[in-house]
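Quick look at final.cif (mmCIF, C-alpha atoms and all ligand atoms):
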data_entry
loop_
_atom_site.label_atom_id
_atom_site.label_comp_id
_atom_site.auth_asym_id
_atom_site.auth_seq_id
_atom_site.Cartn_x
_atom_site.Cartn_y
_atom_site.Cartn_z
CA MET A 1 7.37 18.15 24.39
CA LYS A 2 10.34 17.02 22.35
CA ARG A 3 8.08 14.65 20.52
CA PHE A 4 5.65 17.40 19.75
CA ALA A 5 8.42 19.56 18.37
CA LYS A 6 9.56 16.68 16.17
CA LEU A 7 6.05 16.18 14.86
CA LEU A 8 5.73 19.86 14.17
CA THR A 9 8.99 19.91 12.23
CA ALA A 10 7.93 16.88 10.22
CA PHE A 11 4.62 18.50 9.42
CA ALA A 12 6.29 21.76 8.43
CA GLY A 13 8.62 19.75 6.20
CA LEU A 14 5.67 18.17 4.46
CA VAL A 15 3.95 21.47 3.91
CA VAL A 16 7.11 23.08 2.61
CA SER A 17 7.95 20.26 0.22
CA GLY A 18 4.35 20.13 -0.98
CA SER A 19 4.27 23.79 -1.79
CA ALA A 20 7.83 24.11 -3.00
CA PHE A 21 6.69 24.71 -6.54
CA ALA A 22 4.02 27.19 -5.65
CA ALA A 23 6.43 29.03 -3.39
CA GLY A 24 9.11 29.16 -6.05
CA GLY A 25 6.62 30.56 -8.50
CA HIS A 26 7.27 27.62 -10.84
CA ALA A 27 4.36 25.80 -12.33
CA LEU A 28 4.84 22.16 -13.20
CA PRO A 29 6.12 21.86 -16.75
CA TYR A 30 3.42 19.48 -17.91
CA SER A 31 -0.06 18.52 -16.83
CA TYR A 32 -2.08 15.37 -17.23
CA THR A 33 -5.67 14.54 -16.31
CA PRO A 34 -6.14 10.82 -15.71
CA ASP A 35 -9.09 9.04 -17.28
CA THR A 36 -9.54 5.83 -15.34
CA SER A 37 -12.51 4.82 -17.47
CA ASN A 38 -10.14 4.29 -20.43
CA LEU A 39 -9.51 0.56 -20.00
CA ALA A 40 -7.11 0.24 -22.96
CA SER A 41 -4.91 2.98 -21.53
CA LEU A 42 -5.00 1.38 -18.05
CA GLN A 43 -4.04 -2.00 -19.50
CA ARG A 44 -1.08 -0.50 -21.35
CA GLY A 45 -0.10 1.40 -18.21
CA ALA A 46 -0.28 -1.76 -16.07
CA ARG A 47 1.84 -3.71 -18.55
CA ASP A 48 4.44 -0.94 -18.75
CA PHE A 49 4.52 -0.38 -15.00
CA MET A 50 5.24 -4.07 -14.43
CA ALA A 51 7.88 -4.10 -17.14
CA TYR A 52 9.72 -0.87 -16.33
CA CYS A 53 8.98 0.05 -12.71
CA SER A 54 8.09 -2.97 -10.58
CA GLY A 55 11.71 -4.10 -10.52
CA CYS A 56 12.36 -1.31 -8.03
CA HIS A 57 8.97 -0.01 -6.90
CA SER A 58 6.21 -1.92 -5.14
CA MET A 59 2.49 -1.24 -5.19
CA LYS A 60 1.91 -3.09 -2.00
CA TYR A 61 -1.68 -1.97 -1.42
CA LEU A 62 -2.84 -3.49 -4.68
CA ARG A 63 -3.28 -7.15 -5.59
CA TYR A 64 -2.69 -8.57 -9.05
CA ASN A 65 -6.12 -10.15 -9.29
CA ARG A 66 -7.75 -6.85 -8.42
CA ILE A 67 -6.04 -5.35 -11.48
CA GLY A 68 -7.15 -8.37 -13.49
CA GLN A 69 -10.78 -7.91 -12.44
CA ASP A 70 -10.93 -4.16 -12.78
CA LEU A 71 -9.07 -3.93 -16.07
CA GLY A 72 -10.57 -7.03 -17.67
CA ILE A 73 -7.29 -8.95 -17.91
CA PRO A 74 -7.70 -12.74 -17.89
CA ASP A 75 -5.67 -14.74 -15.34
CA ASP A 76 -3.37 -16.36 -17.90
CA VAL A 77 -2.43 -13.02 -19.46
CA LEU A 78 -2.02 -11.58 -15.97
CA LYS A 79 0.41 -14.35 -15.11
CA SER A 80 2.39 -14.30 -18.33
CA SER A 81 2.60 -10.55 -18.94
CA LEU A 82 2.24 -8.78 -15.63
CA MET A 83 3.39 -10.97 -12.81
CA PHE A 84 7.14 -11.02 -12.56
CA THR A 85 7.64 -11.09 -8.82
CA SER A 86 5.00 -13.64 -7.83
CA ASP A 87 2.83 -16.35 -9.30
CA LYS A 88 -0.19 -16.02 -7.01
CA PRO A 89 -2.84 -13.66 -8.41
CA GLY A 90 -3.98 -12.91 -4.86
CA ASP A 91 -0.58 -11.46 -3.95
CA MET A 92 0.26 -7.81 -3.44
CA ILE A 93 2.56 -6.19 -5.99
CA LEU A 94 5.94 -6.22 -4.34
CA SER A 95 9.17 -5.12 -5.94
CA SER A 96 11.80 -7.67 -6.73
CA MET A 97 14.51 -5.59 -5.12
CA PRO A 98 15.49 -5.96 -1.46
CA ALA A 99 15.10 -2.57 0.24
CA GLU A 100 18.58 -2.75 1.81
CA ALA A 101 20.31 -3.37 -1.50
CA SER A 102 18.47 -0.60 -3.31
CA LYS A 103 19.38 1.83 -0.56
CA ALA A 104 23.01 0.94 -1.04
CA TRP A 105 22.79 1.22 -4.83
CA PHE A 106 20.77 4.40 -5.18
CA GLY A 107 21.20 6.05 -1.79
CA GLN A 108 17.39 5.90 -1.49
CA THR A 109 14.94 3.07 -1.23
CA PRO A 110 12.54 3.40 -4.16
CA PRO A 111 9.24 4.36 -2.50
CA ASP A 112 6.03 2.36 -2.80
CA LEU A 113 3.99 3.89 -5.61
CA THR A 114 0.44 2.75 -4.83
CA LEU A 115 -0.60 6.16 -3.54
CA GLU A 116 1.94 8.25 -5.43
CA THR A 117 -0.50 10.17 -7.63
CA ARG A 118 -2.52 11.07 -4.56
CA ALA A 119 0.56 12.18 -2.65
CA ARG A 120 2.20 14.18 -5.44
CA GLY A 121 -0.60 14.67 -7.94
CA ALA A 122 -0.85 13.24 -11.46
CA ASP A 123 0.68 16.38 -13.00
CA TRP A 124 3.76 16.02 -10.83
CA VAL A 125 4.34 12.34 -11.64
CA TYR A 126 3.71 13.01 -15.34
CA SER A 127 6.18 15.89 -15.31
CA TYR A 128 8.70 13.86 -13.33
CA LEU A 129 8.74 11.05 -15.88
CA ARG A 130 9.21 13.48 -18.74
CA THR A 131 11.91 15.73 -17.31
CA PHE A 132 14.98 13.59 -16.72
CA TYR A 133 18.05 15.22 -18.22
CA VAL A 134 21.75 14.55 -18.57
CA ASP A 135 23.78 15.97 -15.68
CA ALA A 136 27.41 14.95 -15.38
CA LYS A 137 27.49 16.23 -11.79
CA ARG A 138 25.13 13.53 -10.56
CA PRO A 139 26.38 10.03 -9.62
CA LEU A 140 24.23 8.37 -12.30
CA GLY A 141 24.80 11.16 -14.80
CA VAL A 142 21.16 12.17 -14.73
CA ASN A 143 19.04 14.73 -12.95
CA ASN A 144 15.38 15.71 -12.89
CA LEU A 145 13.57 19.01 -13.29
CA VAL A 146 10.78 18.47 -10.76
CA LEU A 147 12.75 16.34 -8.28
CA PRO A 148 16.19 17.96 -8.23
CA ASN A 149 19.00 15.53 -7.47
CA ALA A 150 16.68 12.55 -7.80
CA SER A 151 18.52 9.30 -7.24
CA MET A 152 16.37 7.33 -9.68
CA PRO A 153 18.07 6.48 -12.97
CA HIS A 154 16.30 7.54 -16.17
CA VAL A 155 14.87 4.07 -16.66
CA LEU A 156 12.94 5.11 -19.77
CA TRP A 157 15.91 6.60 -21.61
CA ALA A 158 15.82 3.97 -24.35
CA LEU A 159 12.27 5.12 -25.16
CA GLN A 160 12.55 8.86 -24.62
CA GLY A 161 16.19 9.41 -25.54
CA TRP A 162 18.32 11.98 -23.74
CA GLN A 163 17.48 15.57 -22.93
CA VAL A 164 19.84 18.32 -21.82
CA LYS A 165 18.97 21.32 -19.74
CA LEU A 166 19.14 24.63 -21.55
CA ASP A 167 21.04 27.51 -20.05
CA GLU A 168 18.59 29.20 -17.69
CA HIS A 169 19.66 32.68 -18.69
CA ALA A 170 18.88 31.95 -22.30
CA GLU A 171 15.38 30.86 -21.34
CA PRO A 172 12.95 33.72 -21.91
CA SER A 173 10.13 32.25 -19.83
CA ASP A 174 12.25 32.40 -16.68
CA HIS A 175 12.22 36.16 -16.69
CA GLY A 176 8.74 36.64 -17.95
CA GLU A 177 9.47 39.88 -19.82
CA GLY A 178 7.34 39.30 -22.87
CA GLY A 179 9.65 36.47 -23.77
CA HIS A 180 7.14 34.54 -25.83
CA ALA A 181 8.11 36.29 -29.04
CA ASP A 182 11.60 34.89 -29.29
CA GLY A 183 11.42 31.16 -29.67
CA GLY A 184 10.94 28.91 -26.68
CA GLY A 185 7.64 27.82 -28.20
CA GLU A 186 9.24 24.63 -29.41
CA HIS A 187 9.55 23.29 -25.87
CA HIS A 188 6.72 25.37 -24.38
CA GLY A 189 8.97 27.12 -21.91
CA VAL A 190 10.33 23.86 -20.50
CA PRO A 191 14.10 24.36 -20.45
CA LEU A 192 14.89 20.91 -21.83
CA LYS A 193 15.97 19.87 -25.28
CA LEU A 194 16.03 16.39 -26.76
CA VAL A 195 19.53 15.84 -28.10
CA GLN A 196 19.43 12.12 -28.69
CA PRO A 197 16.13 10.59 -29.75
CA GLY A 198 14.93 7.32 -28.25
CA SER A 199 12.95 4.56 -29.87
CA LEU A 200 9.69 6.50 -29.41
CA THR A 201 8.85 9.87 -30.96
CA PRO A 202 8.17 12.65 -28.42
CA ASP A 203 4.43 12.24 -29.09
CA GLN A 204 4.55 8.50 -28.52
CA TYR A 205 6.60 8.98 -25.36
CA GLU A 206 4.05 11.49 -24.08
CA LYS A 207 1.30 8.91 -24.55
CA PHE A 208 3.42 6.18 -23.00
CA VAL A 209 3.95 8.25 -19.85
CA GLY A 210 0.28 9.26 -19.88
CA ASP A 211 -0.79 5.59 -19.77
CA LEU A 212 1.64 4.93 -16.92
CA VAL A 213 0.31 7.83 -14.86
CA ASN A 214 -3.25 6.83 -15.70
CA PHE A 215 -2.55 3.36 -14.32
CA MET A 216 -0.96 4.87 -11.22
CA ALA A 217 -4.03 7.07 -10.72
CA TYR A 218 -6.20 3.96 -10.95
CA ALA A 219 -3.93 2.18 -8.46
CA ALA A 220 -4.24 5.03 -5.98
CA GLU A 221 -8.01 4.73 -6.04
CA PRO A 222 -9.06 1.44 -7.61
CA GLY A 223 -12.68 1.80 -6.48
CA LYS A 224 -13.18 5.09 -8.26
CA SER A 225 -14.40 3.85 -11.61
CA ILE A 226 -16.64 1.36 -9.84
CA ARG A 227 -17.98 4.09 -7.59
CA THR A 228 -18.77 6.37 -10.48
CA GLY A 229 -20.34 3.40 -12.28
CA VAL A 230 -22.58 2.62 -9.31
CA GLY A 231 -23.93 6.19 -9.13
CA PRO A 232 -26.25 6.11 -12.16
CA LYS A 233 -27.48 2.62 -11.25
CA ALA A 234 -28.39 3.79 -7.76
CA MET A 235 -30.24 6.79 -9.20
CA PHE A 236 -32.16 4.53 -11.59
CA TYR A 237 -33.11 2.24 -8.72
CA LEU A 238 -34.32 5.15 -6.62
CA LEU A 239 -36.39 6.44 -9.53
CA ILE A 240 -38.17 3.11 -9.87
CA LEU A 241 -38.72 2.99 -6.12
CA LEU A 242 -40.19 6.48 -6.23
CA THR A 243 -42.60 5.50 -8.99
CA LEU A 244 -43.69 2.41 -7.07
CA CYS A 245 -44.19 4.43 -3.89
CA TYR A 246 -46.27 6.94 -5.79
CA PHE A 247 -48.64 4.29 -7.09
CA LEU A 248 -48.75 2.62 -3.70
CA LYS A 249 -49.72 5.90 -2.10
CA LYS A 250 -52.45 6.38 -4.70
CA GLU A 251 -53.71 2.89 -3.97
CA PHE A 252 -53.86 3.53 -0.21
CA TRP A 253 -55.63 6.83 -0.46
CA ARG A 254 -58.20 5.78 -3.05
CA ASP A 255 -60.55 4.18 -0.50
CA ILE A 256 -60.15 6.98 1.99
CA LYS A 257 -61.08 9.74 -0.45
CA HIS A 258 -64.25 8.07 -1.79
C1 LIG B 301 16.40 1.07 -10.92
C2 LIG B 301 15.41 1.27 -9.93
C3 LIG B 301 14.19 2.10 -10.32
C4 LIG B 301 13.32 1.86 -11.36
C5 LIG B 301 13.35 0.73 -12.38
C6 LIG B 301 12.30 2.88 -11.28
N1 LIG B 301 12.55 3.71 -10.22
FE1 LIG B 301 11.39 5.26 -9.61
N2 LIG B 301 12.68 5.66 -8.11
C7 LIG B 301 13.83 4.95 -7.83
C8 LIG B 301 14.51 5.57 -6.72
C9 LIG B 301 15.82 5.11 -6.09
C10 LIG B 301 13.71 6.68 -6.33
C11 LIG B 301 13.98 7.67 -5.20
C12 LIG B 301 14.43 8.96 -5.83
C13 LIG B 301 14.77 10.03 -4.81
O1 LIG B 301 13.97 10.23 -3.88
O2 LIG B 301 15.81 10.65 -4.97
C14 LIG B 301 12.58 6.71 -7.24
C15 LIG B 301 11.56 7.66 -7.20
C16 LIG B 301 10.44 7.65 -7.99
C17 LIG B 301 9.36 8.60 -7.91
C18 LIG B 301 9.32 9.80 -6.99
C19 LIG B 301 8.83 9.42 -5.65
C20 LIG B 301 8.67 10.64 -4.80
O3 LIG B 301 7.52 11.04 -4.58
O4 LIG B 301 9.67 11.20 -4.37
C21 LIG B 301 8.43 8.24 -8.85
C22 LIG B 301 7.11 8.93 -9.16
C23 LIG B 301 8.94 7.09 -9.53
N3 LIG B 301 10.16 6.74 -8.98
C24 LIG B 301 8.28 6.47 -10.56
C25 LIG B 301 8.83 5.42 -11.28
C26 LIG B 301 8.17 4.84 -12.43
C27 LIG B 301 6.81 5.23 -12.97
C28 LIG B 301 9.01 3.88 -12.90
C29 LIG B 301 8.82 3.02 -14.12
C30 LIG B 301 8.75 3.75 -15.37
C31 LIG B 301 10.17 3.84 -12.02
N4 LIG B 301 10.03 4.82 -11.06
C32 LIG B 301 11.24 2.97 -12.17
C33 LIG B 301 14.28 3.83 -8.49
C34 LIG B 301 13.69 3.27 -9.61
#
How does this structure look as structure tokens?
Ligand code: HEC
Amino acid sequence: MKRFAKLLTAFAGLVVSGSAFAAGGHALPYSYTPDTSNLASLQRGARDFMAYCSGCHSMKYLRYNRIGQDLGIPDDVLKSSLMFTSDKPGDMILSSMPAEASKAWFGQTPPDLTLETRARGADWVYSYLRTFYVDAKRPLGVNNLVLPNASMPHVLWALQGWQVKLDEHAEPSDHGEGGHADGGGEHHGVPLKLVQPGSLTPDQYEKFVGDLVNFMAYAAEPGKSIRTGVGPKAMFYLLILLTLCYFLKKEFWRDIKH
């Protein structure tokens, strides 16, 4: 019985955390629709994920050579540009950080990200990566709009720069009383302001994060583009089969009719 109660609490926790935004009446600040047929974007995303994220996060349900095959990356490029934690293309993507150490450093073990876009949704991950802001109250001096008190550092700060959170009371969209007339349009109601630019412009950073999330969406469902590619071929095959069957039927019945 105790076990059942535990399970129930865990389940309730999941439901609550999943719908926290809906319940709070807050929409996610940004949205992003992955396009896993865009190979160039996936390649950029894979490269950037390995460079900026794989130090802490694993993608342990995905193998390097699977990425190579699916994204058209030759083995030598795979080895030189993507594989930092292993030299066997058949290996899973593990992080280079021991789980124990990262727990001690960040207070949290960085979770595996293979299925992250399925668990949280692409919009959430996209918003997460764009809404880090300076917060002196946090141990690392940084907080996040969609994951409050996140213990991940803003690893992309050199690219994005630093944002600060605007005073909530000054934010018209929070109160929804016809606030759209007085400013706010500049940041589309997202209460963050870039105060120190990074090496990328906001537009470039948006695209950079988009590629990353696109790659993560691919990683969560690597068979998807193949599956959608197989569909039309299967239909074509069935059409030919149907035509053949039709003529075969005609052939069989010809002698019977006459
Ligand atoms: C220095 C280590 C480190 C690096 C590098 C890092 N992360 Fe994290 N990440 C963390 C930690 C620690 C957490 C746990 C945060 C928490 O739950 O408070 C986390 C959490 C996350 C989450 C939220 C997981 C969830 O559902 O709660 C996402 C998404 C994420 N990281 C994506 C990325 C991406 C994408 C990159 C590369 C651009 C990256 N991280 C680089 C340490 C890191």
* To do: Using only C-alpha atoms, find the one residue out of A:Ser80, A:Asn144, A:Thr117, A:Thr85 that sits nearest to Leu212 of chain A.
  => A:Thr117
* Neighbourhood of ligand LIG 301 (chain B) at 7 Å, counting all atoms listed in the file, reported as an MDAnalysis selection string -> chainID A and resid 49 52:57 102 106:111 113 116 120 125 128:129 149:153 155:156 212
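For the residues A:Ile256, A:Ala219, A:Ile226, A:Trp162, ranking by smallest atom-to-atom distance to Arg118 of chain A using all atoms listed in the file places A:Ala219 first.
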* To do: Using only C-alpha atoms, determine which residues lie at most 12 Å from Ser86 of chain A, disregarding the query and same-chain residues fewer than 5 positions distant; provide the list as a PyMOL selection string.
  => chain A and resi 50+54-55+63-65+78-81+91-96
* Would you work out the distance separating atom CA of Asp112 of chain A from atom CA of Tyr30 of chain A, expressed in Å to one decimal? =>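 Straight-line distance from atom CA of Asp112 of chain A to atom CA of Tyr30 of chain A works out to 23.0 Å.
Distances from A:Gly189, A:Pro74, A:Pro89, A:Gly68 to Ala27 of chain A were compared using only C-alpha atoms, and the smallest one belongs to A:Gly189.
Nearest-residue note for Asp70 of chain A: choosing from A:Pro232, A:Trp157, A:Glu221, A:Pro139, the minimum distance belongs to A:Glu221, counting all atoms listed in the file.
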* Which residue of A:Tyr32, A:Phe247, A:Tyr237, A:Phe252 approaches Ala217 of chain A most closely, using all atoms listed in the file -> A:Tyr32
* Work out how far apart atom CA of Lys249 of chain A and atom CA of Gly231 of chain A are and give it in Å to one decimal. =>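 Pair atom CA of Lys249 of chain A / atom CA of Gly231 of chain A returns 26.7 Å.
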